[in-house]
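Undergrad: Dumping the structure here so I can ask a few things about it.
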Amino acid sequence: MNLADVFNAVTGHKRRKRIGRGAGSGHGKTAGRGQKGFGARSGHNRLRGFVGGQTQLKERLPKVGFNNVNHATIYLPINIDWLNNNFEDGETVDVASLRKNGMTIRRGDLVKVLGHGDLTKKLTVKVNAVSKTAKEKIEKAGGSVEVLTEKAGKVKETPAE
């Protein structure tokens with residue numbers, strides 16, 4: 001039994017590994033990084049998806065589809081229940097009346113009415129697009145729907161029913 005051993009056991013202190021401090025330390029020369037290569041260099045940081053020089057999985061998979069958002073038709077959605085809460089019976093719903101009722105619509109925005117909620121008022125709706133369920137609910141409440149062309153704001157001619 002050695003007094004030095006007893007002291008170490010009592011404190012429970014483990015010295016930190018001092019890397020790159022000479023051959024006598026056991027971690028000198030290459031400092032635990034192995035020999036040459038990317039990992040031996042300072043500041044190395046592998047990119048996500050790197051597979052050791054092999055072609056990455058994301059590059060091996062085929063490119064599926066292309067969606068150019070610059071040509072997408074983007075509509076401002078308005079639900080039936082919002083129309084029911086913000087318009088009176090017999091009113092006309094168009095871009096000007098929507099702006100008047102607090103809907104922020106910029107010039108060139110296209111409006112689409114969606115069928116979420118219930119409609120109890122007779123409304124005349126003149127917007128750029130209407131969903132199938134919204135059209136059914138508006139007509140069931142006694143109102144009418146006119147779909148405008150996207151740019152000119154003119155009424156699209158629908159075939160006679």
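Chain labels follow the order of the structure tokens: the first chain is A, the next B, and so on; residue numbering restarts at 1 in every chain, and ligands are counted from 1 in their shown order.
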Env of segment 120-126 of chain A: 7 Å cut, atoms = only C-alpha atoms, seq-sep filter 3 positions within chain, self excluded. Answer as a PDB file with C-alpha atoms, in the first residue's frame.
TA:
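Saved file selection_23.pdb follows:
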```
ATOM      1  CA  ASN A  84     -71.637  34.704 -43.441  1.00  0.00           C
ATOM      2  CA  ASP A  89     -78.373  39.316 -46.611  1.00  0.00           C
ATOM      3  CA  GLY A  90     -78.610  40.296 -50.292  1.00  0.00           C
ATOM      4  CA  GLU A  91     -75.148  41.919 -50.535  1.00  0.00           C
ATOM      5  CA  THR A  92     -72.687  41.444 -53.391  1.00  0.00           C
ATOM      6  CA  VAL A  93     -69.312  39.936 -52.537  1.00  0.00           C
ATOM      7  CA  ASP A  94     -66.517  41.224 -54.770  1.00  0.00           C
ATOM      8  CA  ALA A 141     -78.844  29.568 -49.603  1.00  0.00           C
ATOM      9  CA  GLY A 142     -80.457  31.298 -52.613  1.00  0.00           C
ATOM     10  CA  GLY A 143     -77.408  33.235 -53.799  1.00  0.00           C
ATOM     11  CA  SER A 144     -75.547  33.238 -57.097  1.00  0.00           C
ATOM     12  CA  VAL A 145     -71.939  32.759 -58.173  1.00  0.00           C
ATOM     13  CA  GLU A 146     -70.076  34.566 -60.961  1.00  0.00           C
ATOM     14  CA  VAL A 147     -66.512  33.485 -61.718  1.00  0.00           C
ATOM     15  CA  LEU A 148     -64.303  36.320 -63.008  1.00  0.00           C
TER      16      LEU A 148
END
```
Undergrad: Can you tell me how far atom CA of Ala134 of chain A sits from atom CA of Gly108 of chain A, in Å to one decimal?
TA: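 Taking atom CA of Ala134 of chain A and atom CA of Gly108 of chain A, their separation equals 22.5 Å.
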Undergrad: If I take atom CA of Asp118 of chain A and atom CA of Lys135 of chain A, how far is one from the other in Å, to one decimal?
TA: 11.8 Å
Undergrad: Please report, as a compact mmCIF listing (two decimals) with C-alpha atoms, in the first residue's frame, each residue of segment 55-127 of chain A to which DSSP assigns strand (DSSP E) when run on this structure's backbone.
TA:
```txt
# COMPACT_ATOMS: atom_id res chain seq x y z
CA TYR A 75 -55.41 32.53 -54.63
CA LEU A 76 -56.34 34.34 -51.45
CA PRO A 77 -58.65 31.85 -49.68
CA ILE A 78 -61.88 33.05 -48.04
CA ASN A 79 -64.25 30.65 -46.31
CA THR A 92 -72.69 41.44 -53.39
CA VAL A 93 -69.31 39.94 -52.54
CA LEU A 110 -56.92 36.51 -56.92
CA VAL A 111 -59.71 35.50 -54.55
CA LYS A 112 -61.11 31.99 -54.10
CA VAL A 113 -64.11 31.15 -51.93
CA LEU A 114 -63.82 27.84 -50.05
CA THR A 124 -74.11 37.35 -54.93
CA VAL A 125 -70.46 36.25 -55.14
CA LYS A 126 -68.20 37.67 -57.88
CA VAL A 127 -64.67 36.29 -57.37
```
Undergrad: Run DSSP on the backbone and tell me which residues of segment 5-140 of chain A come out as alpha helix (DSSP H); list them as a PyMOL selection string.
TA: chain A and resi 5-11+57-60+80-86+95-100+132-140
Undergrad: Could you save the residues just selected, with N, CA and C atoms, as an mmCIF file, in the first residue's frame?
TA:
```
data_model
loop_
_atom_site.group_PDB
_atom_site.id
_atom_site.type_symbol
_atom_site.label_atom_id
_atom_site.label_comp_id
_atom_site.auth_asym_id
_atom_site.auth_seq_id
_atom_site.Cartn_x
_atom_site.Cartn_y
_atom_site.Cartn_z
ATOM 1 N N ASP A 5 -1.303 6.232 -3.667
ATOM 2 C CA ASP A 5 -2.446 5.513 -4.214
ATOM 3 C C ASP A 5 -3.715 5.805 -3.429
ATOM 4 N N VAL A 6 -3.600 5.885 -2.147
ATOM 5 C CA VAL A 6 -4.746 6.161 -1.283
ATOM 6 C C VAL A 6 -5.315 7.536 -1.614
ATOM 7 N N PHE A 7 -4.457 8.519 -1.784
ATOM 8 C CA PHE A 7 -4.892 9.889 -2.066
ATOM 9 C C PHE A 7 -5.662 9.959 -3.384
ATOM 10 N N ASN A 8 -5.163 9.287 -4.416
ATOM 11 C CA ASN A 8 -5.835 9.297 -5.715
ATOM 12 C C ASN A 8 -7.212 8.653 -5.636
ATOM 13 N N ALA A 9 -7.324 7.602 -4.862
ATOM 14 C CA ALA A 9 -8.606 6.914 -4.740
ATOM 15 C C ALA A 9 -9.626 7.778 -4.019
ATOM 16 N N VAL A 10 -9.171 8.554 -3.049
ATOM 17 C CA VAL A 10 -10.076 9.393 -2.268
ATOM 18 C C VAL A 10 -10.621 10.536 -3.114
ATOM 19 N N THR A 11 -9.775 11.232 -3.859
ATOM 20 C CA THR A 11 -10.226 12.398 -4.638
ATOM 21 C C THR A 11 -11.056 11.999 -5.851
ATOM 22 N N LEU A 57 -26.196 9.751 -51.944
ATOM 23 C CA LEU A 57 -27.512 9.171 -52.185
ATOM 24 C C LEU A 57 -28.431 10.173 -52.877
ATOM 25 N N LYS A 58 -28.391 11.445 -52.445
ATOM 26 C CA LYS A 58 -29.267 12.450 -53.024
ATOM 27 C C LYS A 58 -28.947 12.690 -54.499
ATOM 28 N N GLU A 59 -27.718 12.418 -54.908
ATOM 29 C CA GLU A 59 -27.338 12.582 -56.311
ATOM 30 C C GLU A 59 -27.631 11.333 -57.125
ATOM 31 N N ARG A 60 -27.678 10.177 -56.458
ATOM 32 C CA ARG A 60 -27.960 8.919 -57.162
ATOM 33 C C ARG A 60 -29.434 8.747 -57.462
ATOM 34 N N ILE A 80 -66.613 30.306 -46.464
ATOM 35 C CA ILE A 80 -68.036 30.640 -46.439
ATOM 36 C C ILE A 80 -68.447 31.230 -45.086
ATOM 37 N N ASP A 81 -67.940 30.671 -43.996
ATOM 38 C CA ASP A 81 -68.336 31.170 -42.676
ATOM 39 C C ASP A 81 -67.887 32.608 -42.450
ATOM 40 N N TRP A 82 -66.739 33.009 -43.033
ATOM 41 C CA TRP A 82 -66.289 34.398 -42.934
ATOM 42 C C TRP A 82 -67.254 35.315 -43.688
ATOM 43 N N LEU A 83 -67.691 34.879 -44.860
ATOM 44 C CA LEU A 83 -68.670 35.662 -45.628
ATOM 45 C C LEU A 83 -69.975 35.787 -44.840
ATOM 46 N N ASN A 84 -70.392 34.710 -44.207
ATOM 47 C CA ASN A 84 -71.637 34.704 -43.441
ATOM 48 C C ASN A 84 -71.572 35.683 -42.265
ATOM 49 N N ASN A 85 -70.401 35.802 -41.644
ATOM 50 C CA ASN A 85 -70.247 36.688 -40.489
ATOM 51 C C ASN A 85 -70.055 38.148 -40.867
ATOM 52 N N ASN A 86 -69.540 38.436 -42.071
ATOM 53 C CA ASN A 86 -69.159 39.798 -42.427
ATOM 54 C C ASN A 86 -70.045 40.469 -43.474
ATOM 55 N N VAL A 95 -64.233 42.074 -54.864
ATOM 56 C CA VAL A 95 -62.961 42.512 -54.278
ATOM 57 C C VAL A 95 -63.147 43.817 -53.501
ATOM 58 N N ALA A 96 -63.916 44.752 -54.048
ATOM 59 C CA ALA A 96 -64.115 46.040 -53.376
ATOM 60 C C ALA A 96 -64.845 45.863 -52.036
ATOM 61 N N SER A 97 -65.886 45.040 -52.009
ATOM 62 C CA SER A 97 -66.627 44.839 -50.772
ATOM 63 C C SER A 97 -65.811 44.042 -49.752
ATOM 64 N N LEU A 98 -64.949 43.155 -50.213
ATOM 65 C CA LEU A 98 -64.073 42.408 -49.307
ATOM 66 C C LEU A 98 -63.079 43.353 -48.637
ATOM 67 N N ARG A 99 -62.522 44.299 -49.424
ATOM 68 C CA ARG A 99 -61.611 45.292 -48.859
ATOM 69 C C ARG A 99 -62.328 46.144 -47.821
ATOM 70 N N LYS A 100 -63.559 46.536 -48.146
ATOM 71 C CA LYS A 100 -64.345 47.382 -47.247
ATOM 72 C C LYS A 100 -64.619 46.675 -45.913
ATOM 73 N N LYS A 132 -66.136 23.708 -55.355
ATOM 74 C CA LYS A 132 -67.390 23.014 -55.676
ATOM 75 C C LYS A 132 -68.374 23.075 -54.503
ATOM 76 N N THR A 133 -67.875 22.793 -53.288
ATOM 77 C CA THR A 133 -68.760 22.799 -52.110
ATOM 78 C C THR A 133 -69.239 24.202 -51.778
ATOM 79 N N ALA A 134 -68.377 25.204 -51.988
ATOM 80 C CA ALA A 134 -68.775 26.584 -51.720
ATOM 81 C C ALA A 134 -69.881 27.005 -52.679
ATOM 82 N N LYS A 135 -69.748 26.635 -53.931
ATOM 83 C CA LYS A 135 -70.768 26.980 -54.931
ATOM 84 C C LYS A 135 -72.106 26.341 -54.563
ATOM 85 N N GLU A 136 -72.073 25.088 -54.154
ATOM 86 C CA GLU A 136 -73.298 24.392 -53.756
ATOM 87 C C GLU A 136 -73.965 25.081 -52.566
ATOM 88 N N LYS A 137 -73.164 25.494 -51.563
ATOM 89 C CA LYS A 137 -73.712 26.132 -50.371
ATOM 90 C C LYS A 137 -74.296 27.509 -50.678
ATOM 91 N N ILE A 138 -73.629 28.263 -51.551
ATOM 92 C CA ILE A 138 -74.127 29.597 -51.925
ATOM 93 C C ILE A 138 -75.448 29.479 -52.668
ATOM 94 N N GLU A 139 -75.518 28.552 -53.617
ATOM 95 C CA GLU A 139 -76.743 28.372 -54.395
ATOM 96 C C GLU A 139 -77.867 27.778 -53.545
ATOM 97 N N LYS A 140 -77.523 26.946 -52.586
ATOM 98 C CA LYS A 140 -78.521 26.362 -51.687
ATOM 99 C C LYS A 140 -79.148 27.443 -50.794
#
```
Undergrad: Which residues are near segment 13-20 of chain A? Cut-off 8 Å, only C-alpha atoms, ignore same chain within fewer than 4 positions. Put them as a ChimeraX atom specification.
TA: /A:8,25,27-32
Undergrad: Quick one: distance from atom CA of Val51 of chain A to atom CA of Gly34 of chain A in Å, one decimal?
TA: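 The value is 19.1 Å.
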